[in-house]
Each structure stands twice: as C-alpha cells, then as structure tokens.
file entry.txt (compact mmCIF, C-alpha atoms and all ligand atoms)
# COMPACT_ATOMS: atom_id res chain seq x y z
CA MET A 1 4.39 -11.92 -30.58
CA GLU A 2 6.60 -9.89 -28.27
CA GLU A 3 6.19 -10.93 -24.64
CA SER A 4 3.93 -8.49 -22.84
CA TYR A 5 4.67 -6.49 -19.70
CA ILE A 6 2.94 -6.34 -16.35
CA LEU A 7 2.52 -2.59 -15.91
CA ILE A 8 3.20 -1.53 -12.30
CA THR A 9 2.03 2.03 -11.64
CA GLY A 10 3.69 3.41 -8.52
CA GLY A 11 6.36 0.68 -8.75
CA ALA A 12 8.98 3.04 -7.28
CA GLY A 13 6.99 3.27 -4.06
CA TYR A 14 7.09 1.17 -0.91
CA ILE A 15 4.69 -1.64 -1.79
CA GLY A 16 4.97 -1.46 -5.59
CA SER A 17 8.76 -1.92 -5.47
CA HIS A 18 8.44 -5.10 -3.39
CA VAL A 19 5.87 -6.46 -5.84
CA ASN A 20 8.08 -5.49 -8.80
CA ARG A 21 11.00 -7.31 -7.25
CA LEU A 22 8.96 -10.46 -6.56
CA LEU A 23 7.46 -10.57 -10.08
CA ASN A 24 10.91 -10.27 -11.63
CA SER A 25 12.22 -13.06 -9.42
CA LYS A 26 9.39 -15.24 -10.81
CA GLY A 27 10.32 -14.43 -14.42
CA PHE A 28 7.65 -11.84 -15.23
CA ARG A 29 8.53 -8.89 -17.45
CA THR A 30 7.60 -5.68 -15.65
CA LEU A 31 7.21 -2.05 -16.62
CA VAL A 32 7.24 0.49 -13.79
CA PHE A 33 5.50 3.83 -14.40
CA ASP A 34 6.09 6.40 -11.67
CA ASN A 35 6.48 10.16 -11.23
CA PHE A 36 8.63 9.82 -8.07
CA VAL A 37 6.44 12.16 -6.01
CA THR A 38 6.83 9.77 -3.11
CA GLY A 39 8.75 6.92 -4.78
CA HIS A 40 12.49 6.47 -5.30
CA ARG A 41 14.53 5.67 -8.39
CA ARG A 42 16.82 3.46 -6.33
CA PHE A 43 13.83 1.20 -5.55
CA VAL A 44 13.44 0.32 -9.24
CA GLN A 45 16.26 -2.18 -9.60
CA TRP A 46 14.26 -4.68 -11.64
CA GLY A 47 12.33 -4.47 -14.92
CA GLN A 48 11.85 -1.49 -17.22
CA LEU A 49 11.25 2.04 -15.87
CA VAL A 50 9.27 4.88 -17.44
CA HIS A 51 9.14 8.23 -15.64
CA GLY A 52 5.70 9.75 -16.05
CA ASP A 53 2.52 10.99 -14.42
CA LEU A 54 -0.81 9.17 -14.61
CA ARG A 55 -2.66 12.47 -14.32
CA ASP A 56 -1.42 13.28 -17.82
CA SER A 57 -3.60 11.24 -20.18
CA ALA A 58 -1.25 11.88 -23.15
CA GLN A 59 1.66 10.31 -21.24
CA VAL A 60 -0.47 7.32 -20.33
CA GLU A 61 -1.58 6.89 -23.94
CA GLU A 62 2.04 7.07 -25.12
CA LEU A 63 2.99 4.39 -22.58
CA PHE A 64 0.33 2.03 -23.88
CA ASN A 65 1.24 2.82 -27.52
CA ARG A 66 4.90 2.12 -26.90
CA TYR A 67 4.83 -1.06 -24.80
CA PRO A 68 2.85 -4.31 -25.14
CA ILE A 69 1.02 -4.44 -21.81
CA GLY A 70 -0.66 -7.68 -20.71
CA SER A 71 -2.11 -6.64 -17.36
CA VAL A 72 -1.85 -3.85 -14.84
CA MET A 73 -1.11 -3.48 -11.12
CA HIS A 74 -2.18 -0.05 -9.95
CA PHE A 75 -0.40 1.22 -6.82
CA ALA A 76 0.12 4.89 -7.77
CA ALA A 77 -1.78 7.16 -5.39
CA PHE A 78 -1.36 9.55 -2.53
CA ALA A 79 -1.82 7.53 0.64
CA TYR A 80 -1.48 9.64 3.79
CA VAL A 81 -4.63 9.77 5.89
CA GLY A 82 -3.66 12.89 7.88
CA GLU A 83 -2.60 14.86 4.82
CA SER A 84 -5.84 13.95 3.06
CA MET A 85 -7.84 15.58 5.87
CA ALA A 86 -5.94 18.86 5.33
CA SER A 87 -5.71 18.68 1.51
CA PRO A 88 -8.64 16.65 0.16
CA ALA A 89 -8.46 18.17 -3.35
CA LYS A 90 -4.91 16.88 -3.76
CA TYR A 91 -6.16 13.37 -2.95
CA TYR A 92 -9.27 13.36 -5.11
CA ARG A 93 -7.40 14.86 -8.07
CA ASN A 94 -4.49 12.41 -8.03
CA ASN A 95 -6.22 9.24 -6.92
CA LEU A 96 -9.30 9.57 -9.13
CA LEU A 97 -7.84 11.18 -12.24
CA SER A 98 -4.92 8.73 -12.32
CA THR A 99 -7.25 5.76 -12.10
CA ILE A 100 -9.61 7.07 -14.79
CA ASN A 101 -6.74 7.84 -17.20
CA LEU A 102 -5.32 4.38 -16.61
CA LEU A 103 -8.67 2.62 -17.11
CA ASP A 104 -9.38 4.60 -20.29
CA ALA A 105 -6.04 3.56 -21.75
CA MET A 106 -6.69 -0.07 -20.77
CA VAL A 107 -10.05 0.00 -22.54
CA ARG A 108 -8.62 1.68 -25.67
CA HIS A 109 -5.79 -0.87 -25.88
CA GLY A 110 -7.79 -3.98 -25.00
CA VAL A 111 -5.93 -4.64 -21.72
CA ASP A 112 -8.50 -6.26 -19.48
CA GLY A 113 -6.76 -7.42 -16.27
CA LEU A 114 -6.20 -5.16 -13.26
CA VAL A 115 -5.00 -5.67 -9.70
CA PHE A 116 -5.88 -2.58 -7.68
CA SER A 117 -4.42 -1.39 -4.36
CA SER A 118 -7.37 -0.60 -2.17
CA SER A 119 -7.34 -0.04 1.55
CA CYS A 120 -8.88 -0.86 4.90
CA ALA A 121 -9.42 2.93 5.08
CA THR A 122 -12.50 2.35 2.89
CA TYR A 123 -14.27 0.69 5.86
CA GLY A 124 -14.18 3.55 8.36
CA GLN A 125 -15.22 2.68 11.90
CA SER A 126 -15.63 -1.07 12.22
CA THR A 127 -18.89 -2.53 13.48
CA GLU A 128 -17.41 -6.04 13.72
CA ILE A 129 -13.90 -7.39 14.19
CA PRO A 130 -12.31 -8.94 12.23
CA ILE A 131 -13.57 -6.93 9.26
CA LYS A 132 -14.78 -9.01 6.32
CA GLU A 133 -15.04 -7.83 2.71
CA ASP A 134 -18.81 -7.27 2.99
CA HIS A 135 -18.45 -4.91 5.98
CA PRO A 136 -20.09 -1.52 5.26
CA GLN A 137 -17.72 0.99 3.66
CA GLN A 138 -18.00 4.41 5.28
CA PRO A 139 -14.57 6.05 5.09
CA LEU A 140 -13.66 8.60 7.75
CA ASN A 141 -11.16 10.54 5.64
CA PRO A 142 -10.72 11.77 2.04
CA TYR A 143 -7.95 9.24 1.39
CA GLY A 144 -10.32 6.36 2.22
CA GLN A 145 -13.09 8.06 0.22
CA SER A 146 -10.84 8.34 -2.82
CA LYS A 147 -10.02 4.63 -2.63
CA LEU A 148 -13.70 3.74 -2.28
CA MET A 149 -14.54 5.98 -5.26
CA ASP A 150 -11.78 4.25 -7.23
CA GLU A 151 -13.37 0.91 -6.38
CA VAL A 152 -16.76 2.13 -7.64
CA ILE A 153 -15.23 3.50 -10.85
CA ILE A 154 -13.30 0.28 -11.52
CA LYS A 155 -16.43 -1.82 -10.89
CA ASP A 156 -18.35 0.31 -13.40
CA TYR A 157 -15.60 -0.05 -16.01
CA CYS A 158 -15.60 -3.83 -15.44
CA ARG A 159 -19.35 -3.96 -16.05
CA ALA A 160 -19.41 -1.61 -19.04
CA TYR A 161 -16.16 -2.48 -20.83
CA GLY A 162 -15.48 -6.09 -19.85
CA LEU A 163 -12.45 -5.49 -17.61
CA ASN A 164 -11.58 -8.02 -14.90
CA ALA A 165 -10.27 -6.56 -11.68
CA VAL A 166 -9.12 -7.79 -8.30
CA ALA A 167 -9.07 -5.18 -5.53
CA LEU A 168 -6.82 -5.96 -2.57
CA ARG A 169 -7.78 -4.02 0.54
CA TYR A 170 -4.62 -3.99 2.59
CA PHE A 171 -4.51 -3.23 6.27
CA ASN A 172 -1.32 -1.52 7.54
CA ALA A 173 1.63 -2.42 5.32
CA ALA A 174 4.80 -2.81 7.36
CA GLY A 175 8.31 -4.23 7.35
CA ALA A 176 10.86 -4.59 4.57
CA GLY A 177 12.53 -7.21 2.42
CA ILE A 178 14.57 -9.45 4.75
CA ASP A 179 17.83 -8.54 2.96
CA ALA A 180 17.02 -4.81 3.53
CA VAL A 181 17.67 -3.90 -0.12
CA ILE A 182 14.38 -1.96 -0.29
CA GLY A 183 11.97 -0.89 2.43
CA GLU A 184 9.68 1.87 3.64
CA TRP A 185 10.93 5.40 2.94
CA HIS A 186 8.49 8.28 2.94
CA GLU A 187 9.30 11.95 3.47
CA PRO A 188 7.72 13.02 5.72
CA GLU A 189 7.04 9.59 7.17
CA PRO A 190 3.40 9.17 8.24
CA HIS A 191 3.51 5.51 9.34
CA LEU A 192 3.90 4.36 12.91
CA ILE A 193 6.62 1.70 12.72
CA PRO A 194 9.23 3.81 10.86
CA ILE A 195 8.44 6.76 13.14
CA VAL A 196 8.97 4.62 16.24
CA LEU A 197 12.23 3.28 14.81
CA ASP A 198 13.41 6.81 14.02
CA VAL A 199 13.11 7.56 17.73
CA ALA A 200 15.20 4.45 18.46
CA LEU A 201 17.79 5.75 15.98
CA GLY A 202 17.87 9.16 17.65
CA LYS A 203 16.40 10.91 14.60
CA ARG A 204 13.28 12.02 16.49
CA GLN A 205 12.75 12.79 20.14
CA TYR A 206 9.30 11.26 20.66
CA VAL A 207 6.61 9.15 19.14
CA ASP A 208 3.37 11.14 19.15
CA ILE A 209 0.49 8.99 20.34
CA TYR A 210 -2.70 10.47 18.96
CA GLY A 211 -5.10 9.79 21.80
CA ASP A 212 -4.90 7.29 24.66
CA ASP A 213 -8.55 7.49 25.64
CA TYR A 214 -10.00 5.25 22.94
CA SER A 215 -12.13 2.22 23.83
CA SER A 216 -9.21 -0.23 23.51
CA PRO A 217 -7.43 -2.11 26.33
CA ASP A 218 -4.60 0.47 26.66
CA GLY A 219 -6.57 3.40 25.20
CA THR A 220 -4.52 3.66 21.98
CA CYS A 221 -5.62 2.79 18.44
CA ILE A 222 -5.33 -0.77 17.19
CA ARG A 223 -4.15 -1.72 13.71
CA ASP A 224 -3.46 -4.90 11.79
CA TYR A 225 0.14 -4.89 10.49
CA ILE A 226 0.70 -6.94 7.37
CA HIS A 227 4.21 -7.55 6.10
CA VAL A 228 5.04 -6.00 2.72
CA GLN A 229 6.46 -9.31 1.47
CA ASP A 230 3.14 -11.01 2.29
CA ILE A 231 1.33 -8.27 0.36
CA ALA A 232 3.68 -8.90 -2.57
CA GLU A 233 2.94 -12.65 -2.52
CA ALA A 234 -0.79 -11.88 -2.53
CA HIS A 235 -0.35 -9.72 -5.65
CA LEU A 236 1.30 -12.57 -7.47
CA LYS A 237 -1.59 -14.84 -6.50
CA ALA A 238 -4.14 -12.20 -7.52
CA LEU A 239 -2.43 -11.80 -10.90
CA LEU A 240 -2.60 -15.55 -11.50
CA HIS A 241 -6.25 -15.52 -10.36
CA LEU A 242 -7.29 -12.79 -12.83
CA ASP A 243 -8.37 -15.19 -15.58
CA LYS A 244 -10.92 -16.74 -13.18
CA VAL A 245 -12.40 -13.36 -12.25
CA LYS A 246 -15.59 -12.41 -14.02
CA GLY A 247 -15.69 -8.67 -13.59
CA TRP A 248 -14.80 -7.69 -10.06
CA GLU A 249 -13.53 -9.42 -6.95
CA VAL A 250 -12.21 -8.05 -3.67
CA PHE A 251 -9.97 -9.50 -0.95
CA ASN A 252 -8.79 -8.17 2.40
CA LEU A 253 -5.10 -8.55 3.16
CA GLY A 254 -4.46 -8.51 6.87
CA ASN A 255 -2.89 -10.58 9.55
CA GLY A 256 -5.95 -10.96 11.73
CA ASN A 257 -3.81 -9.74 14.68
CA GLY A 258 -4.41 -6.28 16.09
CA TYR A 259 -1.66 -4.34 17.89
CA SER A 260 -2.12 -1.07 19.74
CA VAL A 261 0.23 1.90 19.34
CA ARG A 262 1.73 1.14 22.74
CA GLN A 263 2.25 -2.53 21.80
CA VAL A 264 4.10 -1.48 18.64
CA ILE A 265 6.35 0.82 20.67
CA ALA A 266 7.07 -2.03 23.10
CA ALA A 267 7.90 -4.38 20.20
CA ALA A 268 10.31 -1.79 18.76
CA GLU A 269 11.99 -1.46 22.14
CA ARG A 270 12.50 -5.24 22.30
CA VAL A 271 13.81 -5.42 18.74
CA SER A 272 16.13 -2.40 18.90
CA GLY A 273 17.16 -2.88 22.51
CA ARG A 274 16.63 0.87 23.01
CA ALA A 275 14.17 2.92 25.05
CA ILE A 276 11.62 4.79 22.91
CA ALA A 277 10.11 7.98 24.31
CA SER A 278 6.51 8.86 23.54
CA ARG A 279 4.06 11.64 24.36
CA VAL A 280 0.29 11.65 24.21
CA CYS A 281 -1.35 14.24 21.93
CA GLU A 282 -4.88 15.08 20.88
CA ARG A 283 -6.77 12.49 18.87
CA ARG A 284 -6.32 12.95 15.09
CA PRO A 285 -9.50 13.50 13.12
CA GLY A 286 -10.19 10.64 10.70
CA ASP A 287 -8.67 7.83 12.84
CA PRO A 288 -10.89 4.81 13.58
CA VAL A 289 -10.15 3.12 16.92
CA CYS A 290 -9.67 -0.40 15.59
CA LEU A 291 -8.97 -1.85 12.14
CA VAL A 292 -8.31 -5.59 12.09
CA GLY A 293 -9.08 -7.59 8.99
CA SER A 294 -10.26 -11.07 8.19
CA SER A 295 -8.27 -12.53 5.31
CA ALA A 296 -10.24 -15.79 5.31
CA LYS A 297 -11.38 -15.18 1.72
CA ALA A 298 -7.86 -14.57 0.40
CA ARG A 299 -6.67 -17.68 2.21
CA GLU A 300 -9.46 -19.80 0.80
CA VAL A 301 -9.76 -18.48 -2.76
CA LEU A 302 -6.20 -17.32 -3.51
CA GLY A 303 -4.45 -19.90 -1.32
CA TRP A 304 -2.54 -17.03 0.31
CA LYS A 305 -1.25 -17.11 3.88
CA PRO A 306 0.75 -14.39 5.62
CA GLY A 307 4.22 -15.62 6.55
CA PHE A 308 4.87 -12.89 9.14
CA ALA A 309 2.33 -13.08 11.96
CA GLU A 310 4.15 -11.66 14.97
CA ILE A 311 4.74 -7.93 15.37
CA ASP A 312 8.33 -8.49 16.55
CA THR A 313 9.33 -10.32 13.35
CA ILE A 314 7.71 -7.59 11.24
CA VAL A 315 9.47 -4.84 13.21
CA GLU A 316 12.78 -6.73 12.97
CA THR A 317 12.76 -6.48 9.16
CA ALA A 318 11.83 -2.79 9.37
CA TRP A 319 14.64 -2.18 11.87
CA ARG A 320 17.25 -3.84 9.63
CA TRP A 321 16.11 -1.69 6.68
CA GLN A 322 15.88 1.51 8.64
CA THR A 323 19.33 1.26 10.16
CA ARG A 324 20.65 0.73 6.62
CA LEU A 325 18.62 3.67 5.27
CA ASN A 326 19.98 5.80 8.08
CA GLU A 327 23.53 4.99 6.91
CA LEU A 328 22.62 5.55 3.24
CA LEU A 329 21.16 8.97 4.00
CA LYS A 330 24.40 10.08 5.64
CA LYS A 331 26.16 9.62 2.27
CA PRO A 332 25.15 11.46 -0.92
CA LEU A 333 22.56 9.28 -2.70
N1 LIG A 401 1.17 1.69 2.92
C1 LIG A 401 0.04 1.17 3.39
O1 LIG A 401 -0.05 0.80 4.57
C2 LIG A 401 -1.17 0.99 2.50
C3 LIG A 401 -2.33 0.42 3.03
C4 LIG A 401 -3.43 0.24 2.20
C5 LIG A 401 -3.38 0.61 0.88
N2 LIG A 401 -2.24 1.18 0.38
C6 LIG A 401 -2.23 1.57 -1.04
O2 LIG A 401 -1.10 0.94 -1.66
C7 LIG A 401 -0.57 1.77 -2.69
C8 LIG A 401 0.91 1.95 -2.50
O3 LIG A 401 1.15 2.52 -1.21
P1 LIG A 401 2.63 2.83 -0.72
O4 LIG A 401 2.61 2.83 0.77
O5 LIG A 401 3.59 1.96 -1.45
O6 LIG A 401 2.78 4.34 -1.20
P2 LIG A 401 4.02 5.08 -1.85
O7 LIG A 401 3.74 6.54 -1.71
O8 LIG A 401 5.31 4.55 -1.30
O9 LIG A 401 3.92 4.65 -3.38
C9 LIG A 401 3.07 5.27 -4.29
C10 LIG A 401 3.86 5.43 -5.59
O10 LIG A 401 3.00 6.01 -6.59
C11 LIG A 401 3.71 7.05 -7.24
N3 LIG A 401 2.68 7.99 -7.75
C12 LIG A 401 1.77 8.68 -7.03
N4 LIG A 401 0.98 9.42 -7.85
C13 LIG A 401 1.41 9.16 -9.12
C14 LIG A 401 0.99 9.61 -10.40
N5 LIG A 401 0.01 10.49 -10.55
N6 LIG A 401 1.64 9.16 -11.50
C15 LIG A 401 2.67 8.27 -11.37
N7 LIG A 401 3.10 7.80 -10.18
C16 LIG A 401 2.48 8.25 -9.06
C17 LIG A 401 4.64 7.62 -6.18
O11 LIG A 401 5.73 8.33 -6.70
C18 LIG A 401 5.06 6.36 -5.45
O12 LIG A 401 6.19 5.77 -6.04
C19 LIG A 401 -1.38 3.06 -2.64
O13 LIG A 401 -2.37 3.00 -3.65
C20 LIG A 401 -2.02 3.04 -1.28
O14 LIG A 401 -3.24 3.74 -1.27
C21 LIG A 401 -1.14 1.38 1.16

call {"tool": "encode", "arguments": {"input": "entry.txt", "output": "structure tokens"}}
result
Amino acid sequence: MEESYILITGGAGYIGSHVNRLLNSKGFRTLVFDNFVTGHRRFVQWGQLVHGDLRDSAQVEELFNRYPIGSVMHFAAFAYVGESMASPAKYYRNNLLSTINLLDAMVRHGVDGLVFSSSCATYGQSTEIPIKEDHPQQPLNPYGQSKLMDEVIIKDYCRAYGLNAVALRYFNAAGAGIDAVIGEWHEPEPHLIPIVLDVALGKRQYVDIYGDDYSSPDGTCIRDYIHVQDIAEAHLKALLHLDKVKGWEVFNLGNGNGYSVRQVIAAAERVSGRAIASRVCERRPGDPVCLVGSSAKAREVLGWKPGFAEIDTIVETAWRWQTRLNELLKKPL
C-alpha cells in the first residue's frame, strides 16, 4: 500500500511550518493544506502542498479522495485575541466550520488520529498558577471560545465515531528555528515579541503596553512563552502517542515560567543591544492578567521537556529570524 501522509492543516503558518519541517526531518511524509490567509508559501519548503480552504467541504473531500491520509494535525484557524473581540463571527465561522468539515472527512475516510492545536486562551482568568489541564475553562474572548468549542466538538466526534485525538493547549508560542529559515510572520503582527523586536529594528516607534495596573509585580500582564521548536517536538511525541489514546486526551504546553510585558521588553533590549521605547495604553478587553501553564502531564506521559526555558534564549532566536525577515522584506519576495 502507498505510504500515507500526515495531513497538516495550516502548515504554511507559524507553528504548523515548524512542525512540518520537523516531521520531514524525521522521515514522515507530510501534506500541507492551507489557504494562505495568514500563512506563507515560502514557509512550505518540505512535503507536499495543496492550496485550499477548510471552510469548503468539497475541497476537503477532494483532498481526502486524492491522498492517502494516515493522521491529521490541525493548526488552521484564526488566532488573534484582539481581532476576535471585534469580529467574533469571523472567528466562529472559520474555526468551527473548518474543524467540522475536517472531522467529517476524517470519519468518511476512516482516518481516526488527530492532533489538535488548542490554546491556553480556553482557560480565561486563572484561579491557580501554574494552570493544570483540569483548570476550569471560561474563555474571556471569542478566539478562546472557538477553541473550547472545537475541543467539545472533537470530544463528541471521538465518542460517537471512534476517533482518537490529542489536544495540545499551548501557552504563548515564541521564537524561531535556530537557523532562522522560518519564523513568526503575521501581518498585522499581534504578538508581543515580534512587536518589541520591530521597535528595536526601527520599524515601529513604540511598544504599546495594554495596562500597567494589573495585580502583577510590575503591573503588566504575565505570559508563559514556549519556544516554537519545543511545540514542534511535542507534536511529534503526541503523534507517536496517538495509538495509546482511547478517545480524547489533553496536554498543556508551557514553560512554567511567567514573564511580564516589561520583562519581555527588557530581554529584547539585552538581546538586541538597543533601547526599546514603550507607552502605556488602556487595558485591552479579553486579556487575563496571568497565564502560566503546568506541563507536568506532558513531561510525564509524553516524555516531553522544553529545551528553551529562559526568555533571553527564546528572544535571541526570534531576533535572528526577524532581522533576516527585515532584510527579505526589503527585496521583492
Ligand atoms: N501562536 C500562538 O501563540 C498560539 C497559542 C496557542 C494556540 N495556537 C493555535 O495554533 C494554531 C497555529 O497558530 P499560528 O500562530 O501558527 O497561526 P498562523 O496564523 O501563523 O497559522 C494558521 C495557518 O492556518 C491557515 N488557515 C487559516 N484558516 C484556514 C482555512 N479555513 N483553510 C485553510 N487554511 C487556513 C493560515 O493561512 C495559516 O497558514 C492555531 O490553531 C492557533 O489557534 C497558537
């Protein structure tokens, strides 16, 4: 029988492209399906690429008819918290419809293994730190809601149709491959580290700090930054774990270290050797004060351990990528 593919939806995006690269380096055969709404063709340098949209069930069906698919990694989604507050319909339509179309095709074609990109945004305000997988899930924004709804839908499909799924709830993905071949590139960029580095590169004047009167030591929000390469390694482990999963299993992927907005800015100043201007703005609706995860379960069950613990080493990889991207963007792509 022809060797089957690992389908990677959203494999032209930030995290999916790092996972695609890692799987190919380990000898897996991958099939990237992406509509390039936020992803980039130049990030798909490994495996097979199909341009298409998961919201179109006919395209998804054709994909499954055409390629032998063994299991699925589902990254494709809209993932900007702030935008989801302003445009919830956009988020529910893409993130839910895409997942349902994908699951339906999996059921029809007897593909039963799924690794799903979930998020710490499903927890909402934390009642205990570090956050464990059984922490209550009360999202504060439509993006987090859509990811929680996806989890519920996937769980129901597992129960009713015999799928086996691992959901990985990542905290804040950050950094880039150490050779800076791929990295984070969103337009507009919603994530803190690339924004801070853009100020260091002179592409922005300030970093906007959304509130400095939170109940944290320096008043700014605290997040757990997990390196994209560590997330990729966890996906490989989750894929290999799928045959032990009976139905549904969930793992947090975080570092266990929380850094405030001001600490991230200070790290970027150390790494870049440049001063980074900031200004304090109103709090943003939908932002919890502190999100720091416990990855004890992933460590114990998957045997996964983040390799990048310190914020400076994470920012260093992002800086290397972003200076390269800055040069690339000056030339026609
Ligand atoms: N970046 C983070 O910090 C973070 C944290 C937690 C969870 N996640 C989740 O991880 C996943 C990947 O995030 P990312 O930061 O790499 O985002 P990204 O925007 O870089 O990648 C998403 C990819 O999905 C594609 N896509 C979106 N809708 C599609 C559709 N309908 N059909 C086909 N392709 C589609 C985009 O073109 C893009 O390539 C998302 O599901 C996100 O919710 C991200």

call {"tool": "atom_distance", "arguments": {"input": "entry.txt", "atom1": "CA of Glu233 in chain A", "atom2": "CA of Ile100 in chain A"}}
result
26.4 Å

call {"tool": "residues_near_ligand", "arguments": {"input": "entry.txt", "ligand": "ligand LIG 401 (chain A)", "cutoff": "6 Å", "atoms": "only C-alpha atoms and all ligand atoms", "output": "short mmCIF file (atom, residue, chain, number, x, y, z; two decimals) with C-alpha atoms, in the frame of the given file"}}
result
data_model
loop_
_atom_site.label_atom_id
_atom_site.label_comp_id
_atom_site.auth_asym_id
_atom_site.auth_seq_id
_atom_site.Cartn_x
_atom_site.Cartn_y
_atom_site.Cartn_z
CA GLY A 10 3.69 3.41 -8.52
CA GLY A 11 6.36 0.68 -8.75
CA ALA A 12 8.98 3.04 -7.28
CA GLY A 13 6.99 3.27 -4.06
CA TYR A 14 7.09 1.17 -0.91
CA ILE A 15 4.69 -1.64 -1.79
CA GLY A 16 4.97 -1.46 -5.59
CA ASP A 34 6.09 6.40 -11.67
CA ASN A 35 6.48 10.16 -11.23
CA PHE A 36 8.63 9.82 -8.07
CA VAL A 37 6.44 12.16 -6.01
CA THR A 38 6.83 9.77 -3.11
CA GLY A 39 8.75 6.92 -4.78
CA GLY A 52 5.70 9.75 -16.05
CA ASP A 53 2.52 10.99 -14.42
CA LEU A 54 -0.81 9.17 -14.61
CA ARG A 55 -2.66 12.47 -14.32
CA PHE A 75 -0.40 1.22 -6.82
CA ALA A 76 0.12 4.89 -7.77
CA ALA A 77 -1.78 7.16 -5.39
CA PHE A 78 -1.36 9.55 -2.53
CA ALA A 79 -1.82 7.53 0.64
CA ASN A 94 -4.49 12.41 -8.03
CA SER A 98 -4.92 8.73 -12.32
CA SER A 117 -4.42 -1.39 -4.36
CA SER A 118 -7.37 -0.60 -2.17
CA SER A 119 -7.34 -0.04 1.55
CA TYR A 170 -4.62 -3.99 2.59
CA PHE A 171 -4.51 -3.23 6.27
CA ASN A 172 -1.32 -1.52 7.54
CA ALA A 173 1.63 -2.42 5.32
#

call {"tool": "atom_distance", "arguments": {"input": "entry.txt", "atom1": "CA of Thr30 in chain A", "atom2": "CA of Tyr157 in chain A"}}
result
23.9 Å

call {"tool": "residues_around", "arguments": {"input": "entry.txt", "residues": "Ser278 in chain A", "least_positions_apart": "5", "cutoff": "10 Å", "atoms": "only C-alpha atoms", "output": "PyMOL selection string"}}
result
chain A and resi 196+199+205-209+262+265

call {"tool": "residues_around", "arguments": {"input": "entry.txt", "residues": "Leu103 in chain A", "least_positions_apart": "4", "cutoff": "9 Å", "atoms": "all atoms listed in the file", "output": "list in words"}}
result
Ser98, Thr99, Val107, Arg108, Ile154, Tyr157 and Leu163 of chain A

call {"tool": "residues_near_point", "arguments": {"input": "entry.txt", "point": "(-15.2, -8.6, -6.1)", "cutoff": "8 Å", "atoms": "all atoms listed in the file", "output": "PDB file with C-alpha atoms, in the coordinates of the input"}}
result
ATOM      1  CA  ALA A 165     -10.270  -6.560 -11.680  1.00  0.00           C
ATOM      2  CA  VAL A 166      -9.120  -7.790  -8.300  1.00  0.00           C
ATOM      3  CA  ALA A 167      -9.070  -5.180  -5.530  1.00  0.00           C
ATOM      4  CA  GLY A 247     -15.690  -8.670 -13.590  1.00  0.00           C
ATOM      5  CA  TRP A 248     -14.800  -7.690 -10.060  1.00  0.00           C
ATOM      6  CA  GLU A 249     -13.530  -9.420  -6.950  1.00  0.00           C
ATOM      7  CA  VAL A 250     -12.210  -8.050  -3.670  1.00  0.00           C
ATOM      8  CA  PHE A 251      -9.970  -9.500  -0.950  1.00  0.00           C
TER       9      PHE A 251
END

call {"tool": "residues_around", "arguments": {"input": "entry.txt", "residues": "Asp243 in chain A", "least_positions_apart": "2", "cutoff": "8 Å", "atoms": "all atoms listed in the file", "output": "JSON, numbers by chain"}}
result
{"A": [113, 164, 240, 241, 245, 246]}

call {"tool": "build_atoms", "arguments": {"input": "entry.txt", "residues": "range 98-112 of chain A", "atoms": "N, CA and C atoms", "output": "PDB file, in the coordinates of the input"}}
result
ATOM      1  N   SER A  98      -5.907   9.752 -11.914  1.00  0.00           N
ATOM      2  CA  SER A  98      -4.920   8.730 -12.320  1.00  0.00           C
ATOM      3  C   SER A  98      -5.618   7.433 -12.686  1.00  0.00           C
ATOM      4  N   THR A  99      -6.563   7.045 -11.859  1.00  0.00           N
ATOM      5  CA  THR A  99      -7.250   5.760 -12.100  1.00  0.00           C
ATOM      6  C   THR A  99      -8.076   5.834 -13.380  1.00  0.00           C
ATOM      7  N   ILE A 100      -8.777   6.950 -13.589  1.00  0.00           N
ATOM      8  CA  ILE A 100      -9.610   7.070 -14.790  1.00  0.00           C
ATOM      9  C   ILE A 100      -8.737   7.074 -16.052  1.00  0.00           C
ATOM     10  N   ASN A 101      -7.639   7.824 -16.029  1.00  0.00           N
ATOM     11  CA  ASN A 101      -6.740   7.840 -17.200  1.00  0.00           C
ATOM     12  C   ASN A 101      -6.209   6.443 -17.495  1.00  0.00           C
ATOM     13  N   LEU A 102      -5.859   5.738 -16.445  1.00  0.00           N
ATOM     14  CA  LEU A 102      -5.320   4.380 -16.610  1.00  0.00           C
ATOM     15  C   LEU A 102      -6.391   3.455 -17.207  1.00  0.00           C
ATOM     16  N   LEU A 103      -7.587   3.504 -16.632  1.00  0.00           N
ATOM     17  CA  LEU A 103      -8.670   2.620 -17.110  1.00  0.00           C
ATOM     18  C   LEU A 103      -9.023   2.933 -18.560  1.00  0.00           C
ATOM     19  N   ASP A 104      -9.065   4.227 -18.895  1.00  0.00           N
ATOM     20  CA  ASP A 104      -9.380   4.600 -20.290  1.00  0.00           C
ATOM     21  C   ASP A 104      -8.354   4.010 -21.253  1.00  0.00           C
ATOM     22  N   ALA A 105      -7.091   4.102 -20.877  1.00  0.00           N
ATOM     23  CA  ALA A 105      -6.040   3.560 -21.750  1.00  0.00           C
ATOM     24  C   ALA A 105      -6.184   2.041 -21.851  1.00  0.00           C
ATOM     25  N   MET A 106      -6.497   1.387 -20.738  1.00  0.00           N
ATOM     26  CA  MET A 106      -6.690  -0.070 -20.770  1.00  0.00           C
ATOM     27  C   MET A 106      -7.807  -0.440 -21.743  1.00  0.00           C
ATOM     28  N   VAL A 107      -8.910   0.301 -21.661  1.00  0.00           N
ATOM     29  CA  VAL A 107     -10.050   0.000 -22.540  1.00  0.00           C
ATOM     30  C   VAL A 107      -9.648   0.224 -24.001  1.00  0.00           C
ATOM     31  N   ARG A 108      -8.997   1.367 -24.275  1.00  0.00           N
ATOM     32  CA  ARG A 108      -8.620   1.680 -25.670  1.00  0.00           C
ATOM     33  C   ARG A 108      -7.673   0.622 -26.240  1.00  0.00           C
ATOM     34  N   HIS A 109      -6.811   0.054 -25.376  1.00  0.00           N
ATOM     35  CA  HIS A 109      -5.790  -0.870 -25.880  1.00  0.00           C
ATOM     36  C   HIS A 109      -6.137  -2.334 -25.617  1.00  0.00           C
ATOM     37  N   GLY A 110      -7.352  -2.585 -25.173  1.00  0.00           N
ATOM     38  CA  GLY A 110      -7.790  -3.980 -25.000  1.00  0.00           C
ATOM     39  C   GLY A 110      -7.043  -4.725 -23.900  1.00  0.00           C
ATOM     40  N   VAL A 111      -6.586  -3.985 -22.874  1.00  0.00           N
ATOM     41  CA  VAL A 111      -5.930  -4.640 -21.720  1.00  0.00           C
ATOM     42  C   VAL A 111      -7.010  -4.833 -20.662  1.00  0.00           C
ATOM     43  N   ASP A 112      -7.288  -6.080 -20.296  1.00  0.00           N
ATOM     44  CA  ASP A 112      -8.500  -6.260 -19.480  1.00  0.00           C
ATOM     45  C   ASP A 112      -8.253  -6.749 -18.055  1.00  0.00           C
TER      46      ASP A 112
END
